[in-house]
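For reference, entry_39.txt (compact mmCIF, C-alpha atoms and all ligand atoms):
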# COMPACT_ATOMS: atom_id res chain seq x y z
CA MET A 12 -22.73 -120.45 78.12
CA LYS A 13 -19.81 -121.47 80.40
CA GLU A 14 -19.88 -118.10 82.14
CA LEU A 15 -23.65 -118.34 82.65
CA LEU A 16 -23.32 -121.81 84.17
CA LEU A 17 -20.47 -120.65 86.42
CA ASN A 18 -22.62 -117.76 87.64
CA LEU A 19 -25.60 -120.01 88.22
CA GLY A 20 -23.35 -122.30 90.20
CA ARG A 21 -24.57 -125.14 92.34
CA THR A 22 -27.11 -123.08 94.21
CA ILE A 23 -29.89 -123.85 91.77
CA LYS A 24 -32.69 -125.60 93.57
CA SER A 25 -35.74 -124.59 91.59
CA ILE A 26 -36.24 -124.34 87.83
CA VAL A 27 -39.27 -123.31 85.78
CA VAL A 28 -39.36 -124.15 82.06
CA LEU A 29 -41.99 -122.65 79.73
CA THR A 30 -42.32 -124.19 76.29
CA GLY A 31 -44.15 -122.95 73.20
CA ALA A 32 -44.95 -124.21 69.72
CA GLY A 33 -41.24 -123.97 68.72
CA VAL A 34 -40.34 -126.98 70.88
CA SER A 35 -42.66 -129.17 68.79
CA ALA A 36 -41.83 -127.64 65.37
CA GLU A 37 -39.11 -130.21 64.65
CA SER A 38 -41.60 -132.98 65.42
CA GLY A 39 -43.61 -131.77 62.43
CA ILE A 40 -46.27 -129.71 64.23
CA PRO A 41 -46.40 -126.25 62.63
CA THR A 42 -46.03 -123.22 64.91
CA PHE A 43 -48.71 -120.60 65.26
CA ARG A 44 -46.87 -117.53 63.94
CA ALA A 45 -45.30 -119.31 60.99
CA SER A 46 -47.70 -117.67 58.56
CA ASP A 47 -48.61 -114.14 59.60
CA GLY A 48 -50.83 -114.80 62.58
CA LEU A 49 -52.79 -117.55 60.86
CA TRP A 50 -52.95 -120.97 62.48
CA GLU A 51 -52.75 -123.51 59.65
CA ASN A 52 -54.47 -121.11 57.25
CA HIS A 53 -57.32 -120.24 59.63
CA SER A 54 -57.93 -116.94 61.36
CA ILE A 55 -57.59 -117.08 65.13
CA GLU A 56 -61.01 -115.46 65.54
CA ASP A 57 -62.61 -118.36 63.65
CA VAL A 58 -60.91 -121.32 65.35
CA ALA A 59 -59.54 -120.12 68.69
CA THR A 60 -62.23 -117.98 70.30
CA PRO A 61 -65.49 -118.87 72.12
CA GLU A 62 -67.31 -116.58 69.65
CA GLY A 63 -65.88 -118.54 66.69
CA PHE A 64 -67.14 -121.79 68.27
CA GLU A 65 -70.58 -120.29 68.83
CA ARG A 66 -70.70 -119.05 65.22
CA ASN A 67 -69.52 -122.24 63.54
CA PRO A 68 -68.98 -125.24 65.85
CA SER A 69 -68.54 -127.63 62.90
CA LEU A 70 -65.57 -125.64 61.56
CA VAL A 71 -63.94 -125.49 64.99
CA HIS A 72 -64.45 -129.23 65.59
CA GLU A 73 -63.02 -130.00 62.16
CA PHE A 74 -59.98 -127.79 62.82
CA TYR A 75 -59.11 -129.57 66.10
CA ASN A 76 -60.01 -132.98 64.61
CA GLN A 77 -57.32 -132.40 61.99
CA ARG A 78 -54.75 -131.25 64.58
CA ARG A 79 -55.60 -134.36 66.68
CA GLU A 80 -55.22 -136.62 63.67
CA THR A 81 -51.77 -135.15 62.89
CA LEU A 82 -50.72 -135.57 66.51
CA LEU A 83 -51.81 -139.20 66.58
CA ALA A 84 -50.13 -140.00 63.24
CA LEU A 85 -47.24 -142.40 63.61
CA LYS A 86 -44.72 -139.94 62.21
CA THR A 87 -45.31 -137.37 64.99
CA SER A 88 -43.05 -138.14 67.91
CA PRO A 89 -41.15 -136.21 70.58
CA ASN A 90 -37.81 -134.75 69.51
CA GLN A 91 -34.46 -134.35 71.30
CA ALA A 92 -35.68 -131.22 73.10
CA HIS A 93 -38.67 -132.96 74.70
CA SER A 94 -36.49 -135.94 75.65
CA ALA A 95 -33.71 -133.83 77.18
CA LEU A 96 -36.21 -131.99 79.40
CA ALA A 97 -37.67 -135.27 80.66
CA ARG A 98 -34.20 -136.74 81.37
CA PHE A 99 -32.99 -133.60 83.12
CA GLN A 100 -36.09 -133.36 85.31
CA ASN A 101 -35.62 -136.95 86.40
CA ILE A 102 -32.03 -136.52 87.58
CA PHE A 103 -32.53 -132.98 88.92
CA GLU A 104 -35.41 -134.10 91.14
CA ASN A 105 -34.06 -137.51 92.13
CA ARG A 106 -30.36 -136.80 92.59
CA HIS A 107 -30.31 -133.07 93.32
CA HIS A 108 -33.64 -132.95 95.19
CA GLY A 109 -34.58 -129.87 93.16
CA ASP A 110 -37.98 -128.55 92.08
CA PHE A 111 -38.62 -128.61 88.36
CA THR A 112 -41.85 -127.16 86.94
CA LEU A 113 -42.63 -127.72 83.27
CA ILE A 114 -45.29 -125.38 81.87
CA THR A 115 -46.34 -125.67 78.24
CA GLN A 116 -48.51 -123.52 76.06
CA ASN A 117 -48.72 -126.47 73.69
CA ILE A 118 -51.82 -128.53 73.36
CA ASP A 119 -49.93 -131.59 72.07
CA ASP A 120 -48.82 -134.44 74.35
CA LEU A 121 -45.19 -134.69 73.20
CA HIS A 122 -43.72 -133.81 76.62
CA GLU A 123 -45.69 -136.66 78.18
CA ARG A 124 -44.66 -139.05 75.41
CA ALA A 125 -41.01 -138.13 76.07
CA GLY A 126 -41.51 -139.09 79.73
CA SER A 127 -42.14 -135.76 81.48
CA PRO A 128 -44.36 -136.24 84.53
CA ASP A 129 -46.88 -133.64 85.71
CA VAL A 130 -46.80 -131.21 82.75
CA ILE A 131 -48.84 -128.04 83.27
CA HIS A 132 -50.87 -127.54 80.08
CA MET A 133 -51.90 -123.94 80.64
CA HIS A 134 -53.75 -123.76 77.29
CA GLY A 135 -55.46 -127.15 77.51
CA GLU A 136 -54.95 -130.46 75.72
CA LEU A 137 -55.88 -131.63 72.25
CA LEU A 138 -56.47 -135.20 73.42
CA GLN A 139 -59.19 -134.13 75.85
CA SER A 140 -62.69 -132.73 75.51
CA ARG A 141 -64.90 -131.26 78.20
CA CYS A 142 -68.52 -130.63 78.97
CA SER A 143 -69.21 -126.92 78.54
CA GLN A 144 -71.80 -127.11 81.34
CA SER A 145 -70.07 -129.14 84.08
CA GLY A 146 -66.41 -128.74 83.06
CA LEU A 147 -65.91 -132.52 83.33
CA LYS A 148 -63.04 -133.73 81.12
CA PHE A 149 -62.87 -136.81 78.88
CA ASN A 150 -60.05 -138.46 76.95
CA GLN A 151 -60.65 -137.64 73.29
CA LEU A 152 -58.83 -139.69 70.67
CA LYS A 153 -61.66 -139.82 68.13
CA PRO A 154 -63.05 -136.90 66.09
CA LEU A 155 -65.58 -134.63 67.81
CA ASN A 156 -68.57 -133.14 66.01
CA VAL A 157 -71.81 -131.32 66.71
CA ASP A 158 -73.58 -134.69 67.06
CA SER A 159 -71.21 -135.95 69.78
CA ILE A 160 -73.11 -136.77 72.96
CA CYS A 161 -71.59 -135.56 76.20
CA GLY A 162 -70.65 -138.39 78.56
CA CYS A 163 -71.87 -136.56 81.67
CA CYS A 164 -75.08 -134.73 80.69
CA ARG A 165 -75.96 -136.97 77.71
CA THR A 166 -76.75 -133.80 75.71
CA LEU A 167 -75.93 -133.02 72.07
CA GLY A 168 -73.61 -130.08 71.47
CA ASN A 169 -72.27 -129.67 75.00
CA LEU A 170 -68.87 -131.25 74.31
CA ARG A 171 -66.08 -128.89 73.28
CA PRO A 172 -62.33 -129.28 72.74
CA HIS A 173 -60.44 -128.88 76.06
CA ILE A 174 -58.56 -125.87 74.68
CA VAL A 175 -58.18 -122.44 76.28
CA TRP A 176 -59.29 -120.03 73.58
CA PHE A 177 -58.41 -116.34 73.31
CA GLY A 178 -60.48 -114.44 75.86
CA GLU A 179 -60.60 -117.42 78.28
CA LEU A 180 -58.58 -117.88 81.45
CA PRO A 181 -55.46 -120.08 81.24
CA LEU A 182 -55.33 -123.10 83.54
CA GLU A 183 -53.40 -123.61 86.80
CA ILE A 184 -52.34 -119.97 87.17
CA PRO A 185 -52.06 -120.06 91.02
CA ARG A 186 -49.66 -123.03 90.81
CA ILE A 187 -47.66 -121.31 88.05
CA GLU A 188 -47.39 -118.09 90.04
CA ARG A 189 -46.09 -119.95 93.08
CA ALA A 190 -43.39 -121.60 90.96
CA LEU A 191 -42.43 -118.28 89.31
CA THR A 192 -41.95 -116.52 92.62
CA THR A 193 -39.63 -119.18 94.03
CA CYS A 194 -37.51 -120.29 91.05
CA ASP A 195 -33.79 -119.59 90.64
CA LEU A 196 -33.79 -120.17 86.89
CA PHE A 197 -36.55 -119.53 84.34
CA VAL A 198 -36.10 -120.93 80.81
CA ALA A 199 -38.43 -120.13 77.89
CA ILE A 200 -38.11 -122.42 74.88
CA GLY A 201 -39.60 -121.81 71.42
CA THR A 202 -42.22 -119.23 72.31
CA SER A 203 -42.76 -115.95 70.47
CA GLY A 204 -43.73 -114.10 73.66
CA GLN A 205 -46.87 -112.66 72.12
CA VAL A 206 -49.58 -114.51 74.03
CA TYR A 207 -50.26 -113.24 77.57
CA PRO A 208 -50.08 -114.08 80.43
CA ALA A 209 -47.32 -116.56 79.43
CA ALA A 210 -45.36 -113.78 77.71
CA GLY A 211 -45.01 -111.99 81.06
CA PHE A 212 -43.82 -114.98 83.12
CA TYR A 213 -40.12 -114.24 82.62
CA GLU A 214 -40.57 -110.74 84.03
CA GLN A 215 -42.37 -112.09 87.10
CA ALA A 216 -39.56 -114.62 87.67
CA LYS A 217 -36.89 -111.95 87.11
CA THR A 218 -38.54 -109.59 89.61
CA CYS A 219 -38.42 -112.37 92.17
CA GLY A 220 -34.67 -112.89 91.62
CA ALA A 221 -34.47 -115.67 89.00
CA HIS A 222 -31.99 -115.71 86.13
CA THR A 223 -34.00 -115.73 82.88
CA LEU A 224 -32.88 -117.57 79.77
CA GLU A 225 -34.48 -117.80 76.33
CA LEU A 226 -33.79 -120.55 73.80
CA ASN A 227 -35.28 -119.70 70.38
CA LEU A 228 -34.61 -120.03 66.70
CA ILE A 229 -34.74 -116.27 66.24
CA GLN A 230 -34.25 -113.19 68.42
CA THR A 231 -37.51 -112.12 70.11
CA LYS A 232 -38.30 -108.72 71.56
CA SER A 233 -38.31 -110.02 75.14
CA ASN A 234 -35.67 -108.81 77.57
CA PHE A 235 -34.26 -112.06 79.01
CA ASP A 236 -30.95 -112.01 80.93
CA THR A 237 -29.50 -114.48 78.41
CA GLN A 238 -30.64 -115.52 74.93
CA LEU A 239 -29.28 -118.45 72.93
CA LEU A 240 -30.29 -118.83 69.30
CA GLY A 241 -30.74 -122.11 67.43
CA ASN A 242 -32.97 -125.13 67.01
CA ALA A 243 -34.58 -126.44 70.19
CA SER A 244 -33.41 -129.97 69.38
CA ASP A 245 -29.76 -128.76 69.57
CA LEU A 246 -29.96 -126.04 72.23
CA VAL A 247 -32.08 -127.83 74.83
CA PRO A 248 -29.95 -131.03 75.11
CA SER A 249 -26.71 -129.05 75.10
CA PHE A 250 -27.81 -126.47 77.69
CA PHE A 251 -29.34 -129.00 80.10
CA SER A 252 -26.44 -131.40 79.72
CA GLU A 253 -23.97 -128.58 80.62
CA LEU A 254 -26.20 -127.56 83.51
CA ALA A 255 -26.25 -131.15 84.76
CA SER A 256 -22.41 -131.27 84.63
CA SER A 257 -22.10 -127.98 86.47
CA LEU A 258 -24.42 -129.36 89.17
CA GLU A 259 -22.21 -132.48 89.23
CA LEU A 260 -25.10 -134.67 88.13
CA GLU A 261 -23.37 -137.36 86.11
CA ALA A 262 -24.78 -139.57 83.33
CA PHE A 263 -27.20 -137.09 81.82
P1 LIG B 301 -45.70 -119.17 68.30
O1 LIG B 301 -46.06 -119.95 67.11
O2 LIG B 301 -46.29 -117.82 68.48
O3 LIG B 301 -44.11 -118.99 68.27
C1 LIG B 301 -43.25 -120.05 68.01
C2 LIG B 301 -41.86 -119.66 68.43
O4 LIG B 301 -41.02 -120.80 68.27
C3 LIG B 301 -41.26 -118.53 67.58
O5 LIG B 301 -40.66 -117.58 68.44
C4 LIG B 301 -40.20 -119.25 66.74
O6 LIG B 301 -39.06 -118.44 66.49
C5 LIG B 301 -39.82 -120.42 67.64
N1 LIG B 301 -39.34 -121.59 66.91
C6 LIG B 301 -39.81 -122.12 65.75
N2 LIG B 301 -39.14 -123.23 65.43
C7 LIG B 301 -38.23 -123.43 66.42
C8 LIG B 301 -37.24 -124.41 66.67
N3 LIG B 301 -37.04 -125.44 65.84
N4 LIG B 301 -36.47 -124.30 67.78
C9 LIG B 301 -36.65 -123.26 68.64
N5 LIG B 301 -37.58 -122.30 68.46
C10 LIG B 301 -38.36 -122.38 67.37
O7 LIG B 301 -45.93 -120.10 69.54
P2 LIG B 301 -46.32 -119.80 71.06
O8 LIG B 301 -45.50 -118.68 71.57
O9 LIG B 301 -46.26 -121.12 71.74
O10 LIG B 301 -47.86 -119.32 71.01
C11 LIG B 301 -48.78 -120.00 70.17
C12 LIG B 301 -50.10 -120.48 70.76
O11 LIG B 301 -50.69 -121.37 69.78
C13 LIG B 301 -49.96 -121.30 72.01
O12 LIG B 301 -50.78 -120.73 72.96
C14 LIG B 301 -50.45 -122.72 71.69
O13 LIG B 301 -51.55 -123.08 72.51
C15 LIG B 301 -50.93 -122.68 70.27
N6 LIG B 301 -50.20 -123.69 69.40
C16 LIG B 301 -49.85 -124.91 69.91
C17 LIG B 301 -49.16 -125.84 69.12
C18 LIG B 301 -48.77 -127.19 69.70
O14 LIG B 301 -49.43 -127.69 70.59
N7 LIG B 301 -47.66 -127.82 69.24
C19 LIG B 301 -48.84 -125.52 67.79
C20 LIG B 301 -49.24 -124.26 67.30
C21 LIG B 301 -49.92 -123.36 68.12
Once you've parsed the file, please lay out its structure as structure tokens.
Ligand code: NAD
Amino acid sequence: MKELLLNLGRTIKSIVVLTGAGVSAESGIPTFRASDGLWENHSIEDVATPEGFERNPSLVHEFYNQRRETLLALKTSPNQAHSALARFQNIFENRHHGDFTLITQNIDDLHERAGSPDVIHMHGELLQSRCSQSGLKFNQLKPLNVDSICGCCRTLGNLRPHIVWFGELPLEIPRIERALTTCDLFVAIGTSGQVYPAAGFYEQAKTCGAHTLELNLIQTKSNFDTQLLGNASDLVPSFFSELASSLELEAF
């Protein structure tokens, strides 16, 4: 890691971090690929596609109601990886005047709870619903069901989880692309690299001259410049603390 940090040097002005389900695994939220492509024992087609929602909205509501309940349970809290990212962003932006863009594929709110401002949730948010007609979003802490009445059109059945399902367009892509083309360092944390377009972000950043780094529990098939293996709660604090020292940002 020392050599990497020496090579990166003090020239780093812009960093993009992409997180996946692995960053929240140690907070007790199961990853997606943990059990052969099933998400908590459900097929993706049933619970994470617009067709699945059309076929059986009650099942889909129940699935996200359970995920929401787990997320809101007292025992689910951000871990050291979420906290280190929030701390680093704060000093990198305030003392180094750098640009730090945090993109997550996660639908949980653990980055926000750790103190990260302005998180890009490219796959939506569990604690929001939206009107399928107008697109208007609502905070959603309570369970949703087919009898929920939409707050904007007052119609039954128009509210859906604010989740980007397979076959739908991820959110904030223009902003993400701008950040990818101008960053000096791209870091992917706890993502299997199997869901596009996020899986291709590191290649876009690399083509535009960024150093690409992957932090993951296991080796993935992606071709990052550097890969470090281990738990996110160990790797993320140690990497960003060393990076802060090499940028002469004290008290990380
Ligand atoms: P994924 O489940 O496909 O892959 C998880 C990755 O995390 C794997 O590569 C695994 O090796 C790694 N990992 C597991 N534990 C780790 C740890 N402790 N430290 C470091 N790495 C660890 O996840 P993905 O690539 O994010 O894609 C899954 C999709 O499913 C996303 O689009 C997301 O919307 C959704 N999802 C979200 C959540 C959440 O919000 N927390 C949870 C499950 C699934």
Environment of ligand LIG 301 (chain B) within 6 Å, counting only C-alpha atoms and all ligand atoms, reported as a ChimeraX atom specification = /A:31-37,40-44,116-119,134,201-204,206,227-229,242-243
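The gap separating CA of Phe74 (chain A) from CA of Ile200 (chain A) is 25.5 Å, in Å to one decimal.
Nearest residue to Pro181 (chain A), choosing from A:Val58, A:Ile26, A:Ile114, A:Leu239 and counting only C-alpha atoms: A:Ile114.
Interatomic distance, CA of Leu152 (chain A) against CA of Leu138 (chain A): 5.8 Å.
CA of Ala190 (chain A) to CA of Ala210 (chain A) spans 15.5 Å [interatomic distance, one decimal].
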Quick one: residues within 6 Å of region 87-92 of chain A, all atoms listed in the file counted, chain neighbours fewer than 5 positions away excluded, as JSON, numbers by chain?
-> {"A": [38, 82, 121, 125, 243, 244, 247]}
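Of the residues listed (A:Leu260, A:Arg141, A:Gly109, A:Phe99), A:Phe99 shows the shortest atom-to-atom separation from Pro248 (chain A); distances use all atoms listed in the file.
Here the question is which of A:Asn169, A:Thr218, A:Gln100, A:Ser143 gets nearest to Gly126 (chain A) using all atoms listed in the file, and that residue is A:Gln100.
Near region 12-17 of chain A, within 8 Å and counting only C-alpha atoms, sit Phe250, Glu253, Leu254 and Ser257 of chain A; same-chain residues fewer than 4 positions away were not included.
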Selection from above, C-alpha atoms, as a compact mmCIF listing (two decimals), in the frame of the given file, can you write it?
# COMPACT_ATOMS: atom_id res chain seq x y z
CA PHE A 250 -27.81 -126.47 77.69
CA GLU A 253 -23.97 -128.58 80.62
CA LEU A 254 -26.20 -127.56 83.51
CA SER A 257 -22.10 -127.98 86.47
